[in-house]
Amino acid sequence: MAKVVAFSFGRKMSNTDVMLKEVLKKCEEAGHEIQFVRPDDLDIKPCTGCCACVVGIMSGRNNGKCIHKDDFHILEDAYYSADALIIGSPVYETSPSGTFKTFCDRFGPSHDLAFLTEAKKERLERDGENALLPDERVFKPRVGCLVGVGGARTENWTIFTIPIMYESMMSAGVDVIDTHMYYGAMNVQHVLGVPEQMERMDRMAQNILDALAADSDDERKKWRGTEEGACPVCHQSMFRVHQGSDRVECAICGIDGKVALVDGKIVYSFSREQQDRSRMKYAGKLEHRNEIADGAMTQKKVENLAELKKPYQHIGE
Ligand SMILES: Cc1cc2nc3c(=O)[nH]c(=O)nc-3n(C[C@H](O)[C@H](O)[C@H](O)COP(=O)(O)O)c2cc1C
């Protein structure tokens, strides 16, 4: 038996809640343990940017402890207990909700698989059996699914939602196997009156069940979404184009590719090396962990900083 956990950032018992509950219901019927969490019902304070969590991990003082005393530990515990995660958010201003973003900020570097893996290695080398180690559940492989719900009839009004929602799977290194955007939700009072959307959630549940039953790691983490997408790693199609060149960057993975016009069709290509350094994979996370570790060690000091700040201090005070 595995554990399937859903986080819904939508209104209580509205579209997002019920779509995620449909996935959980199917997983429970298949014999798995389930948990449904509504972060909006908890006290989750926004990140202050103090970086105490990152310093805690890097210095070996703790495992990324946050200065806030709130309900975040409930989300952390639910997330780490999961073998499969489904995260759902309504679309607000073309993007996921503010609480969703707050969750991602709090679940950032302090929950990054590379930060925690390196910390574990360093501490074991230094302190042996007395080492203060991260929660072992951090290192467990997980699969993830993302669901967005937009009221707008025009899909473009949901455009940043799924790409930004990858953030919720990025730090922990969750393998995203399926994503779905339900748009045009304003057309019907409730998704329970839209059978094809509920059936799509049954498909998502089946994708999770198949991944959980896989007998190899490649089979477990393979993409099971309905659309392939142009990026071969995240299977989405959100790129930054570099004007005047053939260079494109996947906004989600942070990897470079090339774009060409072949027989009147746009074709994107990403080298194996680039695919391997996606930030959705360990190597990409390690690259970023190392740049932060290096940046902290080599940061250039600004002479007379207190003096230089003085002309700005009175503004807005
Ligand atoms: C502040 C606000 C902004 C919204 N912006 C968008 C938007 O940009 N695009 C869209 O498709 N729907 C937008 N919506 C509509 C919601 O996505 C829609 O009501 C959705 O069904 C909410 O999900 P829920 O029913 O699970 O709570 C917005 C709603 C609110 C309250």
# chains A, B, ... in the order shown; residues from 1 in each chain; ligands from 1
$ closest_atom_pairs --of "region 11-108 of chain A" --to "region 145-161 of chain A" --cutoff "6 Å" --atoms "only C-alpha atoms" --output "tab-separated table"
residue	atom	partner	partner_atom	distance
A:Ile86	CA	A:Cys145	CA	4.7
A:Ile87	CA	A:Leu146	CA	5.1
A:Gly88	CA	A:Val147	CA	4.5
A:Ser89	CA	A:Gly148	CA	5.1
A:Pro90	CA	A:Val149	CA	4.6
A:Val91	CA	A:Gly150	CA	4.8
A:Thr94	CA	A:Thr158	CA	4.4
A:Ser95	CA	A:Thr161	CA	4.2
A:Pro96	CA	A:Thr161	CA	5.0
$ select_by_dssp --residues "region 1-243 of chain A" --states "strand (DSSP E or B)" --output "PDB file with C-alpha atoms, in the first residue's frame"
ATOM      1  CA  LYS A   3       0.188   6.889   0.257  1.00  0.00           C
ATOM      2  CA  VAL A   4      -1.413   9.413  -2.085  1.00  0.00           C
ATOM      3  CA  VAL A   5      -1.658  13.016  -0.862  1.00  0.00           C
ATOM      4  CA  ALA A   6      -3.532  15.962  -2.418  1.00  0.00           C
ATOM      5  CA  PHE A   7      -3.086  19.684  -1.684  1.00  0.00           C
ATOM      6  CA  SER A   8      -5.977  21.819  -2.935  1.00  0.00           C
ATOM      7  CA  GLU A  33      -3.913   5.361   1.915  1.00  0.00           C
ATOM      8  CA  ILE A  34      -5.015   8.919   1.095  1.00  0.00           C
ATOM      9  CA  GLN A  35      -4.788  12.392   2.654  1.00  0.00           C
ATOM     10  CA  PHE A  36      -6.470  15.604   1.526  1.00  0.00           C
ATOM     11  CA  VAL A  37      -5.030  18.939   2.675  1.00  0.00           C
ATOM     12  CA  ALA A  84       2.298  10.245  -4.985  1.00  0.00           C
ATOM     13  CA  LEU A  85       1.232  13.902  -4.783  1.00  0.00           C
ATOM     14  CA  ILE A  86      -1.506  15.794  -6.602  1.00  0.00           C
ATOM     15  CA  ILE A  87      -1.438  19.550  -6.307  1.00  0.00           C
ATOM     16  CA  GLY A  88      -4.346  21.631  -7.571  1.00  0.00           C
ATOM     17  CA  SER A  89      -4.845  25.379  -7.818  1.00  0.00           C
ATOM     18  CA  PRO A  90      -7.411  27.741  -9.256  1.00  0.00           C
ATOM     19  CA  TYR A  92      -5.909  33.791 -10.403  1.00  0.00           C
ATOM     20  CA  SER A  95      -1.291  32.027 -12.499  1.00  0.00           C
ATOM     21  CA  VAL A 143       5.526  10.923  -8.512  1.00  0.00           C
ATOM     22  CA  GLY A 144       3.439  14.059  -8.887  1.00  0.00           C
ATOM     23  CA  CYS A 145       0.445  15.414 -10.829  1.00  0.00           C
ATOM     24  CA  LEU A 146      -0.678  19.026 -11.278  1.00  0.00           C
ATOM     25  CA  VAL A 147      -4.228  20.290 -11.817  1.00  0.00           C
ATOM     26  CA  GLY A 148      -5.239  23.866 -12.674  1.00  0.00           C
ATOM     27  CA  VAL A 149      -8.797  25.223 -12.786  1.00  0.00           C
ATOM     28  CA  ASP A 175       8.819  13.170 -10.972  1.00  0.00           C
ATOM     29  CA  VAL A 176       5.837  14.897 -12.620  1.00  0.00           C
ATOM     30  CA  ILE A 177       3.925  12.274 -14.616  1.00  0.00           C
ATOM     31  CA  ASP A 178       0.708  14.122 -15.566  1.00  0.00           C
ATOM     32  CA  THR A 179      -0.752  17.633 -15.654  1.00  0.00           C
ATOM     33  CA  HIS A 180      -4.216  18.892 -16.516  1.00  0.00           C
ATOM     34  CA  MET A 181      -5.776  22.309 -17.001  1.00  0.00           C
ATOM     35  CA  TYR A 182      -9.566  22.578 -16.775  1.00  0.00           C
ATOM     36  CA  PHE A 239      10.048  28.810 -23.681  1.00  0.00           C
ATOM     37  CA  ARG A 240      12.056  31.990 -23.553  1.00  0.00           C
ATOM     38  CA  VAL A 241      13.152  32.809 -27.085  1.00  0.00           C
TER      39      VAL A 241
END
$ residues_around --residues "Lys120 (chain A)" --least-positions-apart "2" --cutoff "9 Å" --atoms "only C-alpha atoms" --output "PyMOL selection string"
chain A and resi 115-118+122-125+131-134
$ closest_residue --among "A:Ala172, A:Lys101, A:Asp135, A:Val188" --to "ligand 1" --atoms "only C-alpha atoms and all ligand atoms"
A:Val188
$ select_by_dssp --residues "region 40-101 of chain A" --states "helix (DSSP H, G or I)" --output "list in words"
Asp40, Asp41, Ala52, Cys53, Val54, Val55, Gly56, Ile57, Met58, Ser59, Phe72, His73, Ile74, Leu75, Glu76, Asp77, Ala78, Tyr79, Tyr80, Ser81, Gly98, Thr99, Phe100 and Lys101 of chain A
$ write_last_selection --atoms "N, CA and C atoms" --output "mmCIF file, in the first residue's frame"
data_model
loop_
_atom_site.group_PDB
_atom_site.id
_atom_site.type_symbol
_atom_site.label_atom_id
_atom_site.label_comp_id
_atom_site.auth_asym_id
_atom_site.auth_seq_id
_atom_site.Cartn_x
_atom_site.Cartn_y
_atom_site.Cartn_z
ATOM 1 N N ASP A 40 -5.168 26.599 2.547
ATOM 2 C CA ASP A 40 -5.849 27.854 2.895
ATOM 3 C C ASP A 40 -6.554 27.780 4.255
ATOM 4 N N ASP A 41 -6.790 26.572 4.757
ATOM 5 C CA ASP A 41 -7.429 26.436 6.068
ATOM 6 C C ASP A 41 -6.401 26.463 7.197
ATOM 7 N N ALA A 52 17.436 32.089 6.857
ATOM 8 C CA ALA A 52 17.876 31.305 8.025
ATOM 9 C C ALA A 52 17.831 29.811 7.708
ATOM 10 N N CYS A 53 16.854 29.381 6.908
ATOM 11 C CA CYS A 53 16.728 27.958 6.567
ATOM 12 C C CYS A 53 17.941 27.468 5.777
ATOM 13 N N VAL A 54 18.351 28.264 4.775
ATOM 14 C CA VAL A 54 19.482 27.877 3.929
ATOM 15 C C VAL A 54 20.773 27.866 4.754
ATOM 16 N N VAL A 55 20.934 28.905 5.594
ATOM 17 C CA VAL A 55 22.131 28.981 6.452
ATOM 18 C C VAL A 55 22.143 27.786 7.416
ATOM 19 N N GLY A 56 20.965 27.421 7.921
ATOM 20 C CA GLY A 56 20.851 26.279 8.843
ATOM 21 C C GLY A 56 21.346 24.995 8.206
ATOM 22 N N ILE A 57 20.960 24.780 6.954
ATOM 23 C CA ILE A 57 21.388 23.554 6.262
ATOM 24 C C ILE A 57 22.884 23.622 5.942
ATOM 25 N N MET A 58 23.298 24.735 5.351
ATOM 26 C CA MET A 58 24.691 24.822 4.866
ATOM 27 C C MET A 58 25.709 24.817 6.004
ATOM 28 N N SER A 59 25.326 25.416 7.141
ATOM 29 C CA SER A 59 26.268 25.480 8.270
ATOM 30 C C SER A 59 26.251 24.184 9.069
ATOM 31 N N PHE A 72 3.022 25.211 9.004
ATOM 32 C CA PHE A 72 3.728 24.691 7.827
ATOM 33 C C PHE A 72 4.147 23.232 8.002
ATOM 34 N N HIS A 73 4.460 22.866 9.256
ATOM 35 C CA HIS A 73 4.899 21.480 9.517
ATOM 36 C C HIS A 73 3.834 20.466 9.084
ATOM 37 N N ILE A 74 2.561 20.866 9.062
ATOM 38 C CA ILE A 74 1.481 19.946 8.636
ATOM 39 C C ILE A 74 1.646 19.645 7.138
ATOM 40 N N LEU A 75 1.958 20.689 6.362
ATOM 41 C CA LEU A 75 2.162 20.506 4.922
ATOM 42 C C LEU A 75 3.421 19.682 4.655
ATOM 43 N N GLU A 76 4.464 20.017 5.394
ATOM 44 C CA GLU A 76 5.738 19.302 5.256
ATOM 45 C C GLU A 76 5.565 17.807 5.537
ATOM 46 N N ASP A 77 4.869 17.514 6.614
ATOM 47 C CA ASP A 77 4.698 16.121 7.009
ATOM 48 C C ASP A 77 3.844 15.368 5.979
ATOM 49 N N ALA A 78 2.777 16.018 5.511
ATOM 50 C CA ALA A 78 1.908 15.378 4.516
ATOM 51 C C ALA A 78 2.699 15.123 3.227
ATOM 52 N N TYR A 79 3.472 16.118 2.809
ATOM 53 C CA TYR A 79 4.252 16.012 1.564
ATOM 54 C C TYR A 79 5.256 14.871 1.669
ATOM 55 N N TYR A 80 5.990 14.835 2.761
ATOM 56 C CA TYR A 80 7.029 13.809 2.911
ATOM 57 C C TYR A 80 6.459 12.412 3.145
ATOM 58 N N SER A 81 5.211 12.347 3.596
ATOM 59 C CA SER A 81 4.607 11.025 3.818
ATOM 60 C C SER A 81 4.140 10.405 2.489
ATOM 61 N N GLY A 98 -2.094 32.815 -4.640
ATOM 62 C CA GLY A 98 -1.045 33.378 -3.781
ATOM 63 C C GLY A 98 -0.614 32.397 -2.695
ATOM 64 N N THR A 99 -1.556 31.666 -2.122
ATOM 65 C CA THR A 99 -1.182 30.697 -1.077
ATOM 66 C C THR A 99 -0.299 29.610 -1.679
ATOM 67 N N PHE A 100 -0.613 29.227 -2.922
ATOM 68 C CA PHE A 100 0.220 28.231 -3.601
ATOM 69 C C PHE A 100 1.662 28.736 -3.667
ATOM 70 N N LYS A 101 1.829 29.996 -4.063
ATOM 71 C CA LYS A 101 3.190 30.555 -4.202
ATOM 72 C C LYS A 101 3.866 30.639 -2.833
#
$ residues_around --residues "Arg200 (chain A)" --least-positions-apart "6" --cutoff "10 Å" --atoms "only C-alpha atoms" --output "JSON, numbers by chain"
{"A": [19, 22, 23, 180, 182, 206, 226]}
$ closest_residue --among "A:Arg272, A:His111, A:His190, A:Lys45" --to "ligand 1" --atoms "only C-alpha atoms and all ligand atoms"
A:His190
$ closest_residue --among "A:Asn187, A:Thr48, A:Ser245, A:Ser216" --to "ligand 1" --atoms "only C-alpha atoms and all ligand atoms"
A:Asn187
$ residues_around --residues "Leu286 (chain A)" --least-positions-apart "2" --cutoff "10 Å" --atoms "only C-alpha atoms" --output "PyMOL selection string"
chain A and resi 112-115+117-118+277+279+281-284+288-292
$ residues_around --residues "Gln274 (chain A)" --least-positions-apart "2" --cutoff "8 Å" --atoms "only C-alpha atoms" --output "MDAnalysis selection string"
chainID A and resid 255:257 270:272 276:278
$ closest_residue --among "A:Glu93, A:Asp71, A:Glu303, A:Glu228" --to "ligand 1" --atoms "only C-alpha atoms and all ligand atoms"
A:Glu93
$ closest_residue --among "A:Arg38, A:Lys310, A:Gly108, A:Phe103" --to "Leu20 (chain A)" --atoms "only C-alpha atoms"
A:Arg38
